[in-house]
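*Asks:* Right, I'll just put the structure down here and ask away after.
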Amino acid sequence: MQFAPLFPIIHRILQPSFPSCLWNGEPTTKAIALTFDDGPHPQYTPELLAVLDRYNITASFFWLGACVNRNPSIAKAICDRGHWIGLHGYDHRSFPMLSPIELKDSLEKTQAAIYDACDLPAEKVRDVRPPNGLFTPKTLNLLQQWKYRPVMWSVVPEDWVRPGVKEVVQRVLKQVQNGSLIVLHDGACGGQEVAATIQLLIPHLLEQGYQFITVDVFWRQLETL
């Protein structure tokens, strides 16, 4: 069973309940954020990066520490291009299943992997997206206590179940609007088609007049409201 039709409903329910999370950008500006979870991957991420390079688009990546350790040169290539980097945990275990000590260790190990690969210090990598989008009020309280910024989503086309490139693109185009925070995947689940997906998606979004910005710009926009 695919849950793609439910994500817009879930977003509408959760966003007002957890306003300290980043769910989307400023709605009066025609700008969106492309974000990618679960990488870096040795094959899928370079393919994705080539498409982003072709269109000169800057995106946001939420990395698994274990994948960074396995692919440090790919991680560095992404950082060197100016893409924004966030945390997705060390090994994709759901945050509510971890003890506070385990959660903190997962995030800090991922920050250390990013520092080793990219020379990005921990204080510059503070955005966190929970694996599987699963969190609890306790999870968010811990993240904020530790000075992390929780980042969620507004458009989730469920690309990880691989419904087909055209279907993923249509799901995004149906939901996209000003400030959309779009989640795609470049890891083991979903990454097989991510380059083909954005190769088809980006021209449509450009034709509609959208500007591509990163998660940190969304945060700055919200701070000025």
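In the structure tokens, the first chain shown is A, the next is B, and so on; residue numbers restart at 1 for each chain, and ligands run from 1 in the order shown.
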Considering only C-alpha atoms, tabulate each residue of segment 103-222 of chain A that lies at most 7 Å from segment 62-86 of chain A along with its nearest interatomic pair and the corresponding distance in Å to one decimal; arrange the rows by chain and ascending residue number and present them as CSV.
*Replies:*
residue,atom,partner,partner_atom,distance
A:Lys109,CA,A:Gly65,CA,6.5
A:Thr110,CA,A:Gly65,CA,4.0
A:Ala113,CA,A:Asn69,CA,5.8
A:Ile114,CA,A:Val68,CA,6.6
A:Ala117,CA,A:Pro72,CA,4.9
A:Cys118,CA,A:Lys76,CA,4.9
A:Val125,CA,A:Gly86,CA,5.7
A:Arg126,CA,A:Gly86,CA,6.5
A:Asp127,CA,A:Gly86,CA,4.8
A:Val128,CA,A:Gly86,CA,5.7
A:Arg129,CA,A:Phe62,CA,6.8
A:Thr214,CA,A:Trp84,CA,6.3
*Asks:* Got a sec to tell me which of segment 51-103 of chain A DSSP assigns to strand (DSSP E or B), as a VMD selection string?
*Replies:* chain A and resid 60 to 63 84 to 87
*Asks:* Considering only helix (DSSP H, G or I) as DSSP defines it on the backbone, what residues of segment 62-224 of chain A qualify? List them as a PyMOL selection string.
*Replies:* chain A and resi 65-70+72-80+95-97+100-118+122-124+131-133+137-145+159-161+165-175+191-207+215-223
*Asks:* Just the number, please: distance in Å from atom CA of Phe3 of chain A to atom CA of Met152 of chain A, one decimal.
*Replies:*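 Result for atom CA of Phe3 of chain A versus atom CA of Met152 of chain A: 16.8 Å, one decimal.
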*Asks:* Can you work out which one of A:Ser17, A:Ile182, A:Leu140, A:Tyr55 has the shortest atom-to-atom distance to Leu206 of chain A, counting only C-alpha atoms?
*Replies:*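 Once distances to Leu206 of chain A are computed over only C-alpha atoms, the minimum belongs to A:Tyr55.
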*Asks:* List as a PDB file with N, CA, C and O atoms, in the first residue's frame the protein and nucleic acid residues near segment 131-138 of chain A, meaning an atom at most 7 Å away when only C-alpha atoms are counted, but skip any in the same chain fewer than 2 places from it.
*Replies:*
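What follows is the written file result-v8.pdb:
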ATOM      1  N   HIS A  88      20.568  13.167   9.210  1.00  0.00           N
ATOM      2  CA  HIS A  88      19.446  12.231   9.110  1.00  0.00           C
ATOM      3  C   HIS A  88      19.678  11.043  10.039  1.00  0.00           C
ATOM      4  O   HIS A  88      19.080   9.971   9.856  1.00  0.00           O
ATOM      5  N   HIS A  92      19.873   5.514  10.076  1.00  0.00           N
ATOM      6  CA  HIS A  92      18.450   5.496   9.705  1.00  0.00           C
ATOM      7  C   HIS A  92      17.559   4.792  10.732  1.00  0.00           C
ATOM      8  O   HIS A  92      16.433   4.405  10.410  1.00  0.00           O
ATOM      9  N   ARG A  93      17.991   4.653  11.938  1.00  0.00           N
ATOM     10  CA  ARG A  93      17.074   4.152  12.960  1.00  0.00           C
ATOM     11  C   ARG A  93      16.114   5.276  13.356  1.00  0.00           C
ATOM     12  O   ARG A  93      16.513   6.435  13.487  1.00  0.00           O
ATOM     13  N   SER A  94      14.853   4.923  13.550  1.00  0.00           N
ATOM     14  CA  SER A  94      13.850   5.924  13.912  1.00  0.00           C
ATOM     15  C   SER A  94      14.190   6.543  15.267  1.00  0.00           C
ATOM     16  O   SER A  94      14.464   5.826  16.238  1.00  0.00           O
ATOM     17  N   PHE A  95      14.153   7.859  15.330  1.00  0.00           N
ATOM     18  CA  PHE A  95      14.550   8.558  16.551  1.00  0.00           C
ATOM     19  C   PHE A  95      13.735   8.150  17.782  1.00  0.00           C
ATOM     20  O   PHE A  95      14.297   8.034  18.879  1.00  0.00           O
ATOM     21  N   PRO A  96      12.404   7.963  17.673  1.00  0.00           N
ATOM     22  CA  PRO A  96      11.656   7.592  18.886  1.00  0.00           C
ATOM     23  C   PRO A  96      12.068   6.241  19.470  1.00  0.00           C
ATOM     24  O   PRO A  96      11.762   5.958  20.640  1.00  0.00           O
ATOM     25  N   ARG A 129      16.612  16.105  10.062  1.00  0.00           N
ATOM     26  CA  ARG A 129      15.335  15.520   9.610  1.00  0.00           C
ATOM     27  C   ARG A 129      15.247  14.093  10.163  1.00  0.00           C
ATOM     28  O   ARG A 129      16.100  13.256   9.864  1.00  0.00           O
ATOM     29  N   LEU A 140      11.525  16.140  19.733  1.00  0.00           N
ATOM     30  CA  LEU A 140      11.736  17.537  19.349  1.00  0.00           C
ATOM     31  C   LEU A 140      12.288  18.353  20.509  1.00  0.00           C
ATOM     32  O   LEU A 140      13.130  19.240  20.305  1.00  0.00           O
ATOM     33  N   ASN A 141      11.830  18.060  21.717  1.00  0.00           N
ATOM     34  CA  ASN A 141      12.371  18.777  22.880  1.00  0.00           C
ATOM     35  C   ASN A 141      13.861  18.511  23.042  1.00  0.00           C
ATOM     36  O   ASN A 141      14.641  19.422  23.349  1.00  0.00           O
ATOM     37  N   LEU A 142      14.263  17.255  22.828  1.00  0.00           N
ATOM     38  CA  LEU A 142      15.684  16.928  22.928  1.00  0.00           C
ATOM     39  C   LEU A 142      16.490  17.642  21.847  1.00  0.00           C
ATOM     40  O   LEU A 142      17.561  18.204  22.119  1.00  0.00           O
TER      41      LEU A 142
END
*Asks:* Which is closest to Leu48 of chain A among A:Gln111, A:Thr35, A:Gln221, A:Thr139, if we use only C-alpha atoms?
*Replies:*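 Nearest candidate to Leu48 of chain A out of A:Gln111, A:Thr35, A:Gln221, A:Thr139: A:Thr35.
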*Asks:* Pick out the residues sitting within 7 Å of Ala31 of chain A, and hand them over as a VMD selection string; count only C-alpha atoms, and ignore anything fewer than 6 positions along from it in its own chain.
*Replies:* chain A and resid 178 to 179 210 to 213
*Asks:* What does the file look like for those residues with C-alpha atoms, as a PDB file, in the first residue's frame?
*Replies:*
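Full text of part.pdb as output:
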ATOM      1  CA  ASN A 178       5.279  28.761  -2.855  1.00  0.00           C
ATOM      2  CA  GLY A 179       7.545  27.658  -0.026  1.00  0.00           C
ATOM      3  CA  TYR A 210      10.049  28.756  -9.140  1.00  0.00           C
ATOM      4  CA  GLN A 211      13.390  29.705  -7.649  1.00  0.00           C
ATOM      5  CA  PHE A 212      15.358  26.951  -5.933  1.00  0.00           C
ATOM      6  CA  ILE A 213      16.739  27.822  -2.500  1.00  0.00           C
TER       7      ILE A 213
END
*Asks:* Please compute the atom CA of Tyr90 of chain A-atom CA of Ser106 of chain A distance, one decimal, in Å.
*Replies:*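 Value for the atom CA of Tyr90 of chain A-atom CA of Ser106 of chain A distance: 5.0 Å.
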*Asks:* Can you pull out every residue within 10 Å of Glu167 of chain A, counting only C-alpha atoms, but drop anything in the same chain fewer than 6 positions away, and send it as a ChimeraX atom specification?
*Replies:* /A:157-159,173,197
*Asks:* Emit the selected residues as a PDB file, in the first residue's frame, including all heavy atoms.
*Replies:*
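Result written to out.pdb:
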ATOM      1  N   PRO A 157       6.497  12.794  -2.266  1.00  0.00           N
ATOM      2  CA  PRO A 157       5.914  11.976  -3.339  1.00  0.00           C
ATOM      3  C   PRO A 157       6.121  10.476  -3.158  1.00  0.00           C
ATOM      4  O   PRO A 157       5.758   9.700  -4.035  1.00  0.00           O
ATOM      5  CB  PRO A 157       6.637  12.478  -4.584  1.00  0.00           C
ATOM      6  CG  PRO A 157       7.968  12.913  -4.079  1.00  0.00           C
ATOM      7  CD  PRO A 157       7.715  13.492  -2.711  1.00  0.00           C
ATOM      8  N   GLU A 158       6.686  10.070  -2.030  1.00  0.00           N
ATOM      9  CA  GLU A 158       6.904   8.658  -1.719  1.00  0.00           C
ATOM     10  C   GLU A 158       7.705   7.948  -2.809  1.00  0.00           C
ATOM     11  O   GLU A 158       7.375   6.858  -3.266  1.00  0.00           O
ATOM     12  CB  GLU A 158       5.558   7.954  -1.492  1.00  0.00           C
ATOM     13  CG  GLU A 158       5.663   6.730  -0.594  1.00  0.00           C
ATOM     14  CD  GLU A 158       4.338   6.012  -0.372  1.00  0.00           C
ATOM     15  OE1 GLU A 158       3.354   6.307  -1.073  1.00  0.00           O
ATOM     16  OE2 GLU A 158       4.308   5.137   0.496  1.00  0.00           O
ATOM     17  N   ASP A 159       8.802   8.596  -3.187  1.00  0.00           N
ATOM     18  CA  ASP A 159       9.624   8.039  -4.256  1.00  0.00           C
ATOM     19  C   ASP A 159      10.337   6.766  -3.847  1.00  0.00           C
ATOM     20  O   ASP A 159      10.754   5.980  -4.709  1.00  0.00           O
ATOM     21  CB  ASP A 159      10.640   9.088  -4.729  1.00  0.00           C
ATOM     22  CG  ASP A 159      11.572   9.555  -3.616  1.00  0.00           C
ATOM     23  OD1 ASP A 159      11.112   9.677  -2.453  1.00  0.00           O
ATOM     24  OD2 ASP A 159      12.755   9.813  -3.901  1.00  0.00           O
ATOM     25  N   LEU A 173       4.277  17.957  -8.835  1.00  0.00           N
ATOM     26  CA  LEU A 173       3.664  19.082  -9.547  1.00  0.00           C
ATOM     27  C   LEU A 173       2.242  19.344  -9.055  1.00  0.00           C
ATOM     28  O   LEU A 173       1.780  20.497  -9.060  1.00  0.00           O
ATOM     29  CB  LEU A 173       3.661  18.800 -11.048  1.00  0.00           C
ATOM     30  CG  LEU A 173       5.041  18.738 -11.709  1.00  0.00           C
ATOM     31  CD1 LEU A 173       4.907  18.371 -13.181  1.00  0.00           C
ATOM     32  CD2 LEU A 173       5.795  20.052 -11.548  1.00  0.00           C
ATOM     33  N   THR A 197      14.270  11.477 -12.163  1.00  0.00           N
ATOM     34  CA  THR A 197      13.128  12.225 -11.644  1.00  0.00           C
ATOM     35  C   THR A 197      13.370  13.722 -11.703  1.00  0.00           C
ATOM     36  O   THR A 197      12.537  14.486 -12.211  1.00  0.00           O
ATOM     37  CB  THR A 197      12.833  11.801 -10.191  1.00  0.00           C
ATOM     38  OG1 THR A 197      12.449  10.423 -10.179  1.00  0.00           O
ATOM     39  CG2 THR A 197      11.710  12.641  -9.598  1.00  0.00           C
TER      40      THR A 197
END
*Asks:* What does the distance between atom CA of Gly190 of chain A and atom CA of Asp37 of chain A come to in Å, to one decimal place?
*Replies:*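 Distance between the two atoms: 9.7 Å.
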*Asks:* Extract, using only C-alpha atoms, all DNA, RNA and protein residues at most 12 Å from Gln192 of chain A, discarding same-chain residues fewer than 3 positions from it, and format them as a list in words.
*Replies:*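 Final neighbour list, sorted by chain and number: Gly39, His41, Pro42, Gln43, Tyr44, Thr45, Pro46, Glu47, Leu48, Asp159, Trp160, Val161, Arg162, Pro163, Gly164, Val165, Leu184, His185, Asp186, Gly187, Ala188, Cys189, Ala195, Ala196, Thr197 and Ile198 of chain A.
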*Asks:* Output C-alpha atoms for every residue in that selection, as a compact mmCIF listing (two decimals), in the first residue's frame.
*Replies:*
# COMPACT_ATOMS: atom_id res chain seq x y z
CA GLY A 39 22.82 9.62 1.03
CA HIS A 41 25.33 6.92 -2.29
CA PRO A 42 28.29 5.86 -4.49
CA GLN A 43 26.18 5.65 -7.69
CA TYR A 44 22.92 7.54 -7.24
CA THR A 45 24.30 10.70 -5.64
CA PRO A 46 26.84 11.48 -8.40
CA GLU A 47 24.07 10.98 -10.98
CA LEU A 48 21.86 13.38 -9.05
CA ASP A 159 9.62 8.04 -4.26
CA TRP A 160 11.23 5.35 -2.09
CA VAL A 161 8.58 2.80 -3.12
CA ARG A 162 9.48 3.52 -6.77
CA PRO A 163 6.04 4.15 -8.30
CA GLY A 164 7.77 5.34 -11.47
CA VAL A 165 9.52 8.54 -12.46
CA LEU A 184 13.29 13.01 -2.46
CA HIS A 185 15.84 10.26 -1.79
CA ASP A 186 19.29 9.49 -3.16
CA GLY A 187 20.01 6.47 -0.98
CA ALA A 188 19.47 2.75 -1.34
CA CYS A 189 15.67 3.13 -1.34
CA ALA A 195 18.44 11.62 -11.26
CA ALA A 196 15.81 10.76 -13.89
CA THR A 197 13.13 12.22 -11.64
CA ILE A 198 14.72 15.62 -11.18
*Asks:* Using only C-alpha atoms, find the one residue out of A:Leu181, A:Ile10, A:Leu107, A:Leu98 that sits nearest to Val215 of chain A.
*Replies:*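 So, comparing all the options, the nearest one is A:Leu181.
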*Asks:* Select, from A:Val183, A:Val169, A:Val176, A:Leu222, the residue with the minimum atom-to-atom distance to Leu200 of chain A, counting only C-alpha atoms.
*Replies:*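 Nearest candidate to Leu200 of chain A out of A:Val183, A:Val169, A:Val176, A:Leu222: A:Val169.
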